[in-house]
Amino acid sequence: MEASAQIYHNVIMDRFRSPRSAGRPENFDAEAEGNNPMCGDRIHLYFGREGARVSHESEGCAIMIASAELMADAVAGKTPAQIRDLRADFESVVTTGAENPALGDLNALANISEYRSRIRCATLPWATLGLALKEAE
Amino acid sequence: MEASAQIYHNVIMDRFRSPRSAGRPENFDAEAEGNNPMCGDRIHLYFGREGARVSHESEGCAIMIASAELMADAVAGKTPAQIRDLRADFESVVTTGAENPALGDLNALANISEYRSRIRCATLPWATLGLALKEAE
Amino acid sequence: MSASIKLQPFDLAAIRRDFPILESQVHGRRLVFLDSAASAQKPRAVIDAMVFAMEHQYANVHRGLHWMSERTSDAYEAVRDKVAKLLNAASRDEIVFTRNGTESINLVAYTYGRAILQPGDAVVVSEMEHHANLVPWQMLRDAHGVELRIVKITDAGEVDFNSLEEQFADGRVKLLAVTHMSNVLGTYTPVERLAKFAHERGAKILLDGCQAIVHRQVDVQAIDADFYVFSGHKLYGPSGIGILYAKREILESMPPFMGGGDMISSVSYERSTWAKPPHRFEAGTPAILETIGLGAAIDYVEAIGFPAIAAHERELTEHAIAVLSEISGLRILGSAQDRGGVISFTMEGAHAHDIATLLDRQGIAVRAGHHCAEPLMGRLGVTATARASFALYTTIEEIDALAAGLIRVKQVFG
Amino acid sequence: MSASIKLQPFDLAAIRRDFPILESQVHGRRLVFLDSAASAQKPRAVIDAMVFAMEHQYANVHRGLHWMSERTSDAYEAVRDKVAKLLNAASRDEIVFTRNGTESINLVAYTYGRAILQPGDAVVVSEMEHHANLVPWQMLRDAHGVELRIVKITDAGEVDFNSLEEQFADGRVKLLAVTHMSNVLGTYTPVERLAKFAHERGAKILLDGCQAIVHRQVDVQAIDADFYVFSGHKLYGPSGIGILYAKREILESMPPFMGGGDMISSVSYERSTWAKPPHRFEAGTPAILETIGLGAAIDYVEAIGFPAIAAHERELTEHAIAVLSEISGLRILGSAQDRGGVISFTMEGAHAHDIATLLDRQGIAVRAGHHCAEPLMGRLGVTATARASFALYTTIEEIDALAAGLIRVKQVFG
Ligand SMILES: Cc1ncc(COP(=O)(O)O)c(C=O)c1O
Ligand SMILES: Cc1ncc(COP(=O)(O)O)c(C=O)c1O
């Protein structure tokens, strides 16, 4: 299983098994719903403006849930403009497979680039965050 | 051109060039119209009960016109039942290519069997005669 | 190519050699292809027939008087006879060539649906239909005011005849459109009984045979099917060719679907008249090469024989159910009495997509998702399943490889 | 297969070697294939691409997560990019895969025609349309109350702009559907001018490019075409695959044509939502192998280059007109200023069918009949014509063989 380890990286399995940002927070400024009709992945995302706190209620595959988790870590404390840049950088990592040293743990998802149809699993939380950011404006 | 001679037999070219049964007769008992929409072949056929006389006004290819001519010869003096049998025998000659000694000159059209899409040219006059016979009943 | 078909003994090793792609490596492992229900691989005979046409005998059909066109038309039309024989249709004129099973059903919905069915009539489909046998009827409902009703399935995944009685109770049902084999649960439906049921109540029956045709002998006259549809690409033929069978008098009552060359009798600006069936429904240049390829596929399958294919696949299916049932946390969906080699399952803690990706790393191809049957997913209380499906070239070893692969998935997700 | 295309010099002998079928004998003579306008022969590159897919890389597209499906989807979707580039479309999402040009036009008539055009609106077609661009509009007229108008052609076989003005005079015309090249007369229509004409009067324009795409570079943005359709099989690709190009905002406004898998966003019994274009219009398993074959055909044609192809075909056409004009009693139909390598003719005393059969005995394949353009036959005052058509592999010697063959026909029918 060495090959699969490249995709189901420890970081991913760890965050999938023990999510830290899951659940509905008491306070939030915006929320958004995302889903992938092709597979039934579903995420409900909550955004708190102060400190850019993200939490999520997710139902779906390990890639999607881990991606939501890693996203929550990565955007914490960032401005909306920075988050948008991060999203673009992340999407380039998962579509090209080329890691970006500036992205830290998000690079754990780089190898999903081999699976064109799974890239949407990794980007769904980011697309949903995009919606929430618009709502929060 | 030996090969083509098998299809554009002298008998056929002769009857195409100098039709003997063409034109509208003064008296007739039934008439019918046939056409092949795929190529525009068109025949108007007149049938006189007495002596089973057939004449035709035709516009179309050599095969169709020669077939109308040879048919007029072949059915002359026959009963409707005999004509129907003749038609079946003729259709079997032009679809199988096997000559039938009983059919005389009609065998000149046997080689059209090689050209599935031209068989309809040879059988159109016979199908039209079938309509006229029904009308004459 | 071969006029007379000689039955071969079922020699699995030889059969596998007929399919070049089965030699492939994926991620450094021998390919284990368990996704034939989505589309089957192609035997050498199909590839050769298409190559032969392209190299030696090709021109447009029907419209030409020259040798290449006549010979290509012969080869093309010969396949209509083969399909008629495969289905035991009463006449070759009951066979319409389409692109795929989906188009076949849409053709019926657009022509029979709009010209013969009347607003207020009802169409019944089952809870286990592929979208191809649901969405065209929804579109008909929305455009034409025909009611769409859903017959329930039991927890085993079989048609619920009590529910069927209810749906038919008011006498407004004019068409029962139902699958002959579910692409999710593997269920075969009791088609003779369904046809009788529909006919006794004044309704016609359309059978979606996309899955069933691959695995068992189908006799449309014995079933008394009014419509039967399937796709060539699942029957080891090329993509781009599908079949609509319909009884002659029904086809004759139907207006054309698409307009263009070859489907007309004559054309003037004011008015065009239509060719007789089946040509009425075949506008434009057809899928000539694909039809010829389908002919070769039918010859291939018939040479092996459905009894042998069915016996082999039964063995595979029983073995698969046995070994998969031993994996704890794995749940097989559906348990119909009469079922074929399509097995959908879920695994505790692992999403279907993750299962498919982890199996793929081991060279094992399975499908994951809703399998174009979203409403059925809802009925089963899942959002997606993984699905392994078997073909005549599948081996017991491949099923064991699947089981071993799933145990590794459990280790990652355990 | 090749990402970057390198232009080759136009080496006719080498090109002919690329087409295996051109080696064939018919009735003991070397095949002279002058029926490419009906369907073109296939180069080795197309055959190889299809065989490669069937032997090494095949599975259903879009729906799979496994290697074979991902790679097949990549190969399939790459062809959308190739077609977009071929047509210079603004976006790959403007390219819809269909079975053939006929289906492309029917798709527009069923969706745009029924959802956007309103009863009382008018559609204009020309007197020289193929049935594929006439019958769908007649069916729309009869089903939906849209008026169908016919724009005249001149005796030379060109669109008559006076007649066009008249047809548009009352401002009710919403769509001009016209051929880009006549399959009978060889006429190219002035598409930029026609598009400007239509747009200035508030109408859209649909171009039937089935013939034109084979012979010259098409730029849908430069033309400002709203819809452009063609068939793969005439462009040296396989049968079973056609193209509909439409501007993005138009495609987005159109409801789906057929329902089924792959064209939906989500499905429930009450209501389904549609995928975005182009997938909205591609229901069910597409013609995967044929699309891949079309991609190879496009690469092949682009490697030779349209300037070289057009120059070669111009030479052929000029030569053909010169030598055929010398045969007494032979009449060439149409004399448009801008014309391509499709030549229809009649001969005094010999019916087109007899001409075709006699030429066939000499190994020469031409077409005879109404060429799916019955109303045009009426306009020309004939019931049928013989037609010779040229491709990039046609030689001057083949045209001389045709002329010699026709002289023999005259001897038989003289
Ligand atoms: C001008 C024109 N339009 C449409 C068509 C129809 O093409 P197809 O039969 O491939 O749909 C043809 C070819 O027959 C044609 O020449
Ligand atoms: C039961 C069933 N019906 C219909 C279809 C649609 O077949 P196609 O995509 O070939 O039109 C499929 C296959 O996907 C199927 O499994």
# chains A, B, ... in the order shown; residues from 1 in each chain; ligands from 1

$ residues_around --residues "stretch 44-50 of chain D" --least-positions-apart "2" --cutoff "9 Å" --atoms "only C-alpha atoms" --output "PyMOL selection string"
(chain C and resi 47+50-51+54-55) or (chain D and resi 1+17-20+42+52-55+236-238+289-290+292-297+299-300)

$ select_by_dssp --residues "chain B" --states "strand (DSSP E or B)" --output "compact mmCIF listing (two decimals) with all heavy atoms, in the first residue's frame"
# COMPACT_ATOMS: atom_id res chain seq x y z
N ALA B 22 -44.67 2.18 -75.31
CA ALA B 22 -44.75 3.47 -74.63
C ALA B 22 -45.93 4.29 -75.14
O ALA B 22 -46.33 4.15 -76.29
CB ALA B 22 -43.45 4.25 -74.83
N ALA B 30 -57.73 0.06 -66.81
CA ALA B 30 -57.22 0.47 -65.51
C ALA B 30 -55.91 1.21 -65.72
O ALA B 30 -55.23 1.01 -66.74
CB ALA B 30 -57.00 -0.75 -64.60
N GLU B 31 -55.59 2.06 -64.78
CA GLU B 31 -54.28 2.71 -64.85
C GLU B 31 -53.72 2.82 -63.43
O GLU B 31 -54.46 2.73 -62.45
CB GLU B 31 -54.37 4.10 -65.50
CG GLU B 31 -55.29 5.06 -64.79
CD GLU B 31 -55.52 6.35 -65.58
OE1 GLU B 31 -54.54 6.88 -66.15
OE2 GLU B 31 -56.67 6.84 -65.62
N ALA B 32 -52.42 2.97 -63.35
CA ALA B 32 -51.81 3.12 -62.02
C ALA B 32 -50.50 3.88 -62.17
O ALA B 32 -49.90 3.92 -63.25
CB ALA B 32 -51.55 1.75 -61.39
N GLU B 33 -50.09 4.47 -61.06
CA GLU B 33 -48.90 5.32 -61.05
C GLU B 33 -47.91 4.71 -60.05
O GLU B 33 -48.29 4.31 -58.96
CB GLU B 33 -49.34 6.71 -60.56
CG GLU B 33 -48.28 7.73 -60.35
CD GLU B 33 -48.05 8.59 -61.59
OE1 GLU B 33 -48.96 8.65 -62.45
OE2 GLU B 33 -46.96 9.17 -61.70
N GLY B 34 -46.66 4.63 -60.49
CA GLY B 34 -45.64 4.14 -59.56
C GLY B 34 -44.46 5.07 -59.56
O GLY B 34 -44.14 5.67 -60.58
N ASN B 35 -43.84 5.24 -58.40
CA ASN B 35 -42.59 6.01 -58.43
C ASN B 35 -41.67 5.58 -57.32
O ASN B 35 -42.08 4.99 -56.32
CB ASN B 35 -42.88 7.51 -58.39
CG ASN B 35 -43.45 7.93 -57.07
OD1 ASN B 35 -42.75 7.99 -56.07
ND2 ASN B 35 -44.76 8.17 -57.04
N ASN B 36 -40.42 5.83 -57.57
CA ASN B 36 -39.40 5.49 -56.59
C ASN B 36 -38.85 6.80 -56.06
O ASN B 36 -38.07 7.48 -56.72
CB ASN B 36 -38.29 4.69 -57.29
CG ASN B 36 -37.21 4.29 -56.33
OD1 ASN B 36 -37.13 4.82 -55.22
ND2 ASN B 36 -36.37 3.35 -56.74
N ASP B 41 -37.52 7.89 -60.36
CA ASP B 41 -38.13 7.07 -61.41
C ASP B 41 -39.65 7.14 -61.27
O ASP B 41 -40.18 7.07 -60.16
CB ASP B 41 -37.72 5.58 -61.25
CG ASP B 41 -36.37 5.29 -61.89
OD1 ASP B 41 -35.79 6.19 -62.52
OD2 ASP B 41 -35.89 4.15 -61.74
N ARG B 42 -40.33 7.23 -62.42
CA ARG B 42 -41.77 7.44 -62.40
C ARG B 42 -42.36 6.67 -63.56
O ARG B 42 -41.83 6.72 -64.67
CB ARG B 42 -42.04 8.94 -62.58
CG ARG B 42 -43.35 9.44 -62.09
CD ARG B 42 -43.36 10.96 -62.22
NE ARG B 42 -42.47 11.60 -61.26
CZ ARG B 42 -42.83 11.89 -60.00
NH1 ARG B 42 -44.04 11.60 -59.56
NH2 ARG B 42 -41.98 12.48 -59.18
N ILE B 43 -43.46 5.95 -63.33
CA ILE B 43 -44.11 5.23 -64.42
C ILE B 43 -45.61 5.38 -64.28
O ILE B 43 -46.16 5.31 -63.17
CB ILE B 43 -43.70 3.73 -64.43
CG1 ILE B 43 -44.43 2.97 -65.55
CG2 ILE B 43 -43.95 3.05 -63.09
CD1 ILE B 43 -43.84 1.59 -65.83
N HIS B 44 -46.26 5.65 -65.41
CA HIS B 44 -47.72 5.65 -65.44
C HIS B 44 -48.11 4.51 -66.35
O HIS B 44 -47.68 4.45 -67.49
CB HIS B 44 -48.25 6.98 -65.94
CG HIS B 44 -49.71 7.14 -65.66
ND1 HIS B 44 -50.19 7.93 -64.64
CD2 HIS B 44 -50.80 6.58 -66.21
CE1 HIS B 44 -51.50 7.86 -64.61
NE2 HIS B 44 -51.90 7.03 -65.55
N LEU B 45 -48.93 3.62 -65.83
CA LEU B 45 -49.17 2.36 -66.53
C LEU B 45 -50.65 2.21 -66.88
O LEU B 45 -51.53 2.53 -66.09
CB LEU B 45 -48.72 1.24 -65.60
CG LEU B 45 -48.54 -0.11 -66.27
CD1 LEU B 45 -47.23 -0.72 -65.85
CD2 LEU B 45 -49.70 -1.00 -65.89
N TYR B 46 -50.89 1.74 -68.10
CA TYR B 46 -52.25 1.52 -68.59
C TYR B 46 -52.45 0.04 -68.85
O TYR B 46 -51.58 -0.60 -69.46
CB TYR B 46 -52.49 2.30 -69.89
CG TYR B 46 -52.20 3.77 -69.72
CD1 TYR B 46 -50.93 4.28 -70.01
CD2 TYR B 46 -53.18 4.65 -69.27
CE1 TYR B 46 -50.66 5.63 -69.84
CE2 TYR B 46 -52.92 6.00 -69.10
CZ TYR B 46 -51.64 6.48 -69.39
OH TYR B 46 -51.37 7.81 -69.22
N PHE B 47 -53.59 -0.46 -68.44
CA PHE B 47 -53.83 -1.90 -68.57
C PHE B 47 -55.16 -2.12 -69.29
O PHE B 47 -56.20 -1.59 -68.89
CB PHE B 47 -53.88 -2.55 -67.19
CG PHE B 47 -54.17 -4.02 -67.23
CD1 PHE B 47 -53.20 -4.91 -67.69
CD2 PHE B 47 -55.40 -4.53 -66.81
CE1 PHE B 47 -53.45 -6.27 -67.73
CE2 PHE B 47 -55.65 -5.90 -66.84
CZ PHE B 47 -54.68 -6.76 -67.31
N GLY B 48 -55.09 -2.89 -70.40
CA GLY B 48 -56.32 -3.27 -71.12
C GLY B 48 -56.60 -4.74 -70.84
O GLY B 48 -55.75 -5.60 -71.09
N ARG B 53 -53.19 -6.13 -72.37
CA ARG B 53 -52.29 -5.17 -73.00
C ARG B 53 -51.78 -4.15 -71.97
O ARG B 53 -52.56 -3.55 -71.24
CB ARG B 53 -53.03 -4.42 -74.11
CG ARG B 53 -53.19 -5.19 -75.42
CD ARG B 53 -54.13 -4.44 -76.35
NE ARG B 53 -55.48 -4.32 -75.79
CZ ARG B 53 -55.99 -3.24 -75.19
NH1 ARG B 53 -55.26 -2.14 -75.09
NH2 ARG B 53 -57.21 -3.23 -74.71
N VAL B 54 -50.45 -3.95 -71.97
CA VAL B 54 -49.84 -2.97 -71.07
C VAL B 54 -49.15 -1.89 -71.90
O VAL B 54 -48.42 -2.22 -72.85
CB VAL B 54 -48.82 -3.64 -70.14
CG1 VAL B 54 -47.92 -2.60 -69.48
CG2 VAL B 54 -49.52 -4.50 -69.09
N SER B 55 -49.42 -0.63 -71.58
CA SER B 55 -48.56 0.43 -72.11
C SER B 55 -48.18 1.33 -70.93
O SER B 55 -48.78 1.27 -69.87
CB SER B 55 -49.25 1.26 -73.20
OG SER B 55 -50.53 0.79 -73.47
N HIS B 56 -47.16 2.15 -71.19
CA HIS B 56 -46.63 2.94 -70.06
C HIS B 56 -46.07 4.26 -70.56
O HIS B 56 -45.59 4.38 -71.69
CB HIS B 56 -45.52 2.15 -69.36
CG HIS B 56 -44.32 1.89 -70.23
ND1 HIS B 56 -43.18 2.64 -70.16
CD2 HIS B 56 -44.13 0.99 -71.23
CE1 HIS B 56 -42.31 2.21 -71.06
NE2 HIS B 56 -42.86 1.21 -71.73
N GLU B 57 -46.17 5.25 -69.70
CA GLU B 57 -45.43 6.50 -69.88
C GLU B 57 -44.42 6.55 -68.74
O GLU B 57 -44.81 6.62 -67.57
CB GLU B 57 -46.38 7.69 -69.82
CG GLU B 57 -47.35 7.71 -70.98
CD GLU B 57 -48.38 8.83 -70.84
OE1 GLU B 57 -48.94 8.99 -69.74
OE2 GLU B 57 -48.61 9.52 -71.84
N SER B 58 -43.15 6.51 -69.10
CA SER B 58 -42.13 6.35 -68.06
C SER B 58 -41.08 7.44 -68.16
O SER B 58 -40.75 7.92 -69.24
CB SER B 58 -41.42 5.00 -68.22
OG SER B 58 -42.31 3.95 -68.02
N GLU B 59 -40.55 7.77 -67.00
CA GLU B 59 -39.43 8.69 -66.94
C GLU B 59 -38.48 8.06 -65.94
O GLU B 59 -38.85 7.87 -64.78
CB GLU B 59 -39.95 10.02 -66.39
CG GLU B 59 -39.17 11.22 -66.83
CD GLU B 59 -39.69 12.45 -66.11
OE1 GLU B 59 -40.84 12.85 -66.39
OE2 GLU B 59 -38.98 12.96 -65.24

$ residues_around --residues "C:Thr357" --least-positions-apart "5" --cutoff "9 Å" --atoms "only C-alpha atoms" --output "PyMOL selection string"
(chain A and resi 4+7+115+118) or (chain C and resi 352+362+365-366) or (chain D and resi 65-66)

$ residues_near_ligand --ligand "ligand 1" --cutoff "9 Å" --atoms "only C-alpha atoms and all ligand atoms" --output "count of residues only"
47

$ interface_residues --of "chain A" --to "chain C" --cutoff "10 Å" --atoms "only C-alpha atoms" --output "PyMOL selection string"
chain A and resi 1-8+10+13+16-17+37-42+59-63+112+115+117-118+121

$ write_last_selection --atoms "N, CA and C atoms" --output "PDB file, in the first residue's frame"
ATOM      1  N   MET A   1       0.824  -1.224   0.000  1.00  0.00           N
ATOM      2  CA  MET A   1       0.000   0.000   0.000  1.00  0.00           C
ATOM      3  C   MET A   1       0.851   1.265   0.000  1.00  0.00           C
ATOM      4  N   GLU A   2       2.119   1.195  -0.385  1.00  0.00           N
ATOM      5  CA  GLU A   2       2.895   2.437  -0.384  1.00  0.00           C
ATOM      6  C   GLU A   2       2.266   3.450  -1.332  1.00  0.00           C
ATOM      7  N   ALA A   3       1.824   2.957  -2.492  1.00  0.00           N
ATOM      8  CA  ALA A   3       1.278   3.861  -3.494  1.00  0.00           C
ATOM      9  C   ALA A   3       0.092   4.645  -2.931  1.00  0.00           C
ATOM     10  N   SER A   4      -0.816   3.923  -2.283  1.00  0.00           N
ATOM     11  CA  SER A   4      -2.014   4.606  -1.818  1.00  0.00           C
ATOM     12  C   SER A   4      -1.681   5.570  -0.697  1.00  0.00           C
ATOM     13  N   ALA A   5      -0.597   5.289   0.007  1.00  0.00           N
ATOM     14  CA  ALA A   5      -0.207   6.182   1.093  1.00  0.00           C
ATOM     15  C   ALA A   5       0.031   7.592   0.555  1.00  0.00           C
ATOM     16  N   GLN A   6       0.453   7.689  -0.706  1.00  0.00           N
ATOM     17  CA  GLN A   6       0.670   9.011  -1.285  1.00  0.00           C
ATOM     18  C   GLN A   6      -0.617   9.812  -1.302  1.00  0.00           C
ATOM     19  N   ILE A   7      -1.748   9.127  -1.446  1.00  0.00           N
ATOM     20  CA  ILE A   7      -3.006   9.862  -1.485  1.00  0.00           C
ATOM     21  C   ILE A   7      -3.640   9.912  -0.104  1.00  0.00           C
ATOM     22  N   TYR A   8      -3.726   8.748   0.535  1.00  0.00           N
ATOM     23  CA  TYR A   8      -4.285   8.736   1.891  1.00  0.00           C
ATOM     24  C   TYR A   8      -3.153   8.904   2.898  1.00  0.00           C
ATOM     25  N   ASN A  10      -0.899  10.313   5.945  1.00  0.00           N
ATOM     26  CA  ASN A  10      -1.220  10.295   7.387  1.00  0.00           C
ATOM     27  C   ASN A  10      -1.992  11.523   7.816  1.00  0.00           C
ATOM     28  N   MET A  13      -5.630  11.080   6.833  1.00  0.00           N
ATOM     29  CA  MET A  13      -6.374  10.094   7.616  1.00  0.00           C
ATOM     30  C   MET A  13      -6.561  10.584   9.049  1.00  0.00           C
ATOM     31  N   PHE A  16      -9.243  13.242   9.031  1.00  0.00           N
ATOM     32  CA  PHE A  16     -10.537  12.627   8.730  1.00  0.00           C
ATOM     33  C   PHE A  16     -11.066  11.906   9.972  1.00  0.00           C
ATOM     34  N   ARG A  17     -10.153  11.163  10.645  1.00  0.00           N
ATOM     35  CA  ARG A  17     -10.589  10.378  11.820  1.00  0.00           C
ATOM     36  C   ARG A  17     -10.888  11.269  13.027  1.00  0.00           C
ATOM     37  N   PRO A  37     -23.233  16.903  -6.435  1.00  0.00           N
ATOM     38  CA  PRO A  37     -24.342  16.009  -6.764  1.00  0.00           C
ATOM     39  C   PRO A  37     -23.870  14.675  -7.352  1.00  0.00           C
ATOM     40  N   MET A  38     -22.671  14.645  -7.900  1.00  0.00           N
ATOM     41  CA  MET A  38     -22.217  13.414  -8.519  1.00  0.00           C
ATOM     42  C   MET A  38     -21.919  12.320  -7.502  1.00  0.00           C
ATOM     43  N   CYS A  39     -21.630  12.679  -6.253  1.00  0.00           N
ATOM     44  CA  CYS A  39     -21.280  11.622  -5.304  1.00  0.00           C
ATOM     45  C   CYS A  39     -21.996  11.771  -3.981  1.00  0.00           C
ATOM     46  N   GLY A  40     -22.696  12.893  -3.807  1.00  0.00           N
ATOM     47  CA  GLY A  40     -23.418  13.050  -2.553  1.00  0.00           C
ATOM     48  C   GLY A  40     -22.615  13.693  -1.443  1.00  0.00           C
ATOM     49  N   ASP A  41     -21.362  14.088  -1.705  1.00  0.00           N
ATOM     50  CA  ASP A  41     -20.613  14.824  -0.689  1.00  0.00           C
ATOM     51  C   ASP A  41     -21.382  16.094  -0.338  1.00  0.00           C
ATOM     52  N   ARG A  42     -21.406  16.412   0.972  1.00  0.00           N
ATOM     53  CA  ARG A  42     -22.212  17.534   1.435  1.00  0.00           C
ATOM     54  C   ARG A  42     -21.462  18.232   2.571  1.00  0.00           C
ATOM     55  N   GLU A  59     -20.516  15.549   5.439  1.00  0.00           N
ATOM     56  CA  GLU A  59     -20.845  14.153   5.212  1.00  0.00           C
ATOM     57  C   GLU A  59     -20.204  13.828   3.874  1.00  0.00           C
ATOM     58  N   GLY A  60     -19.269  12.936   3.874  1.00  0.00           N
ATOM     59  CA  GLY A  60     -18.634  12.658   2.591  1.00  0.00           C
ATOM     60  C   GLY A  60     -17.366  11.860   2.760  1.00  0.00           C
ATOM     61  N   CYS A  61     -16.515  11.955   1.783  1.00  0.00           N
ATOM     62  CA  CYS A  61     -15.331  11.112   1.737  1.00  0.00           C
ATOM     63  C   CYS A  61     -14.194  11.715   2.553  1.00  0.00           C
ATOM     64  N   ALA A  62     -13.175  10.929   2.769  1.00  0.00           N
ATOM     65  CA  ALA A  62     -12.036  11.348   3.575  1.00  0.00           C
ATOM     66  C   ALA A  62     -11.359  12.571   2.973  1.00  0.00           C
ATOM     67  N   ILE A  63     -11.277  12.606   1.668  1.00  0.00           N
ATOM     68  CA  ILE A  63     -10.584  13.723   1.012  1.00  0.00           C
ATOM     69  C   ILE A  63     -11.319  15.035   1.290  1.00  0.00           C
ATOM     70  N   ILE A 112      -3.936  14.104  -5.054  1.00  0.00           N
ATOM     71  CA  ILE A 112      -5.284  13.892  -5.597  1.00  0.00           C
ATOM     72  C   ILE A 112      -5.349  14.349  -7.059  1.00  0.00           C
ATOM     73  N   TYR A 115      -6.311  12.066  -9.796  1.00  0.00           N
ATOM     74  CA  TYR A 115      -7.699  11.617  -9.924  1.00  0.00           C
ATOM     75  C   TYR A 115      -8.584  12.806 -10.234  1.00  0.00           C
ATOM     76  N   SER A 117     -11.475  13.201 -11.165  1.00  0.00           N
ATOM     77  CA  SER A 117     -12.842  13.236 -10.652  1.00  0.00           C
ATOM     78  C   SER A 117     -12.873  13.421  -9.139  1.00  0.00           C
ATOM     79  N   ARG A 118     -11.713  13.292  -8.469  1.00  0.00           N
ATOM     80  CA  ARG A 118     -11.703  13.507  -7.021  1.00  0.00           C
ATOM     81  C   ARG A 118     -11.252  14.910  -6.656  1.00  0.00           C
ATOM     82  N   CYS A 121     -13.654  16.799  -4.756  1.00  0.00           N
ATOM     83  CA  CYS A 121     -13.801  16.492  -3.328  1.00  0.00           C
ATOM     84  C   CYS A 121     -12.925  17.453  -2.523  1.00  0.00           C
TER      85      CYS A 121
END

$ closest_residue --among "D:Lys196, D:Ile116, D:Ser266, D:Ala59" --to "ligand 2" --atoms "only C-alpha atoms and all ligand atoms"
D:Ala59

$ residues_around --residues "stretch 147-158 of chain D" --least-positions-apart "2" --cutoff "6 Å" --atoms "only C-alpha atoms" --output "VMD selection string"
chain D and resid 122 to 127 141 160 163 to 164 334 to 336

$ select_by_dssp --residues "chain A" --states "helix (DSSP H, G or I)" --output "number ranges by chain"
A: 2-5, 10-17, 50-52, 62-75, 80-96, 101-114, 116-136

$ closest_residue --among "D:Ala311, D:Leu34, D:Met258, D:Ile304" --to "ligand 2" --atoms "only C-alpha atoms and all ligand atoms"
D:Met258

$ atom_distance --atom1 "atom CA of C:Val342" --atom2 "atom CA of C:Pro9"
24.4 Å

$ residues_around --residues "D:Lys174" --least-positions-apart "3" --cutoff "12 Å" --atoms "only C-alpha atoms" --output "count of residues only"
33
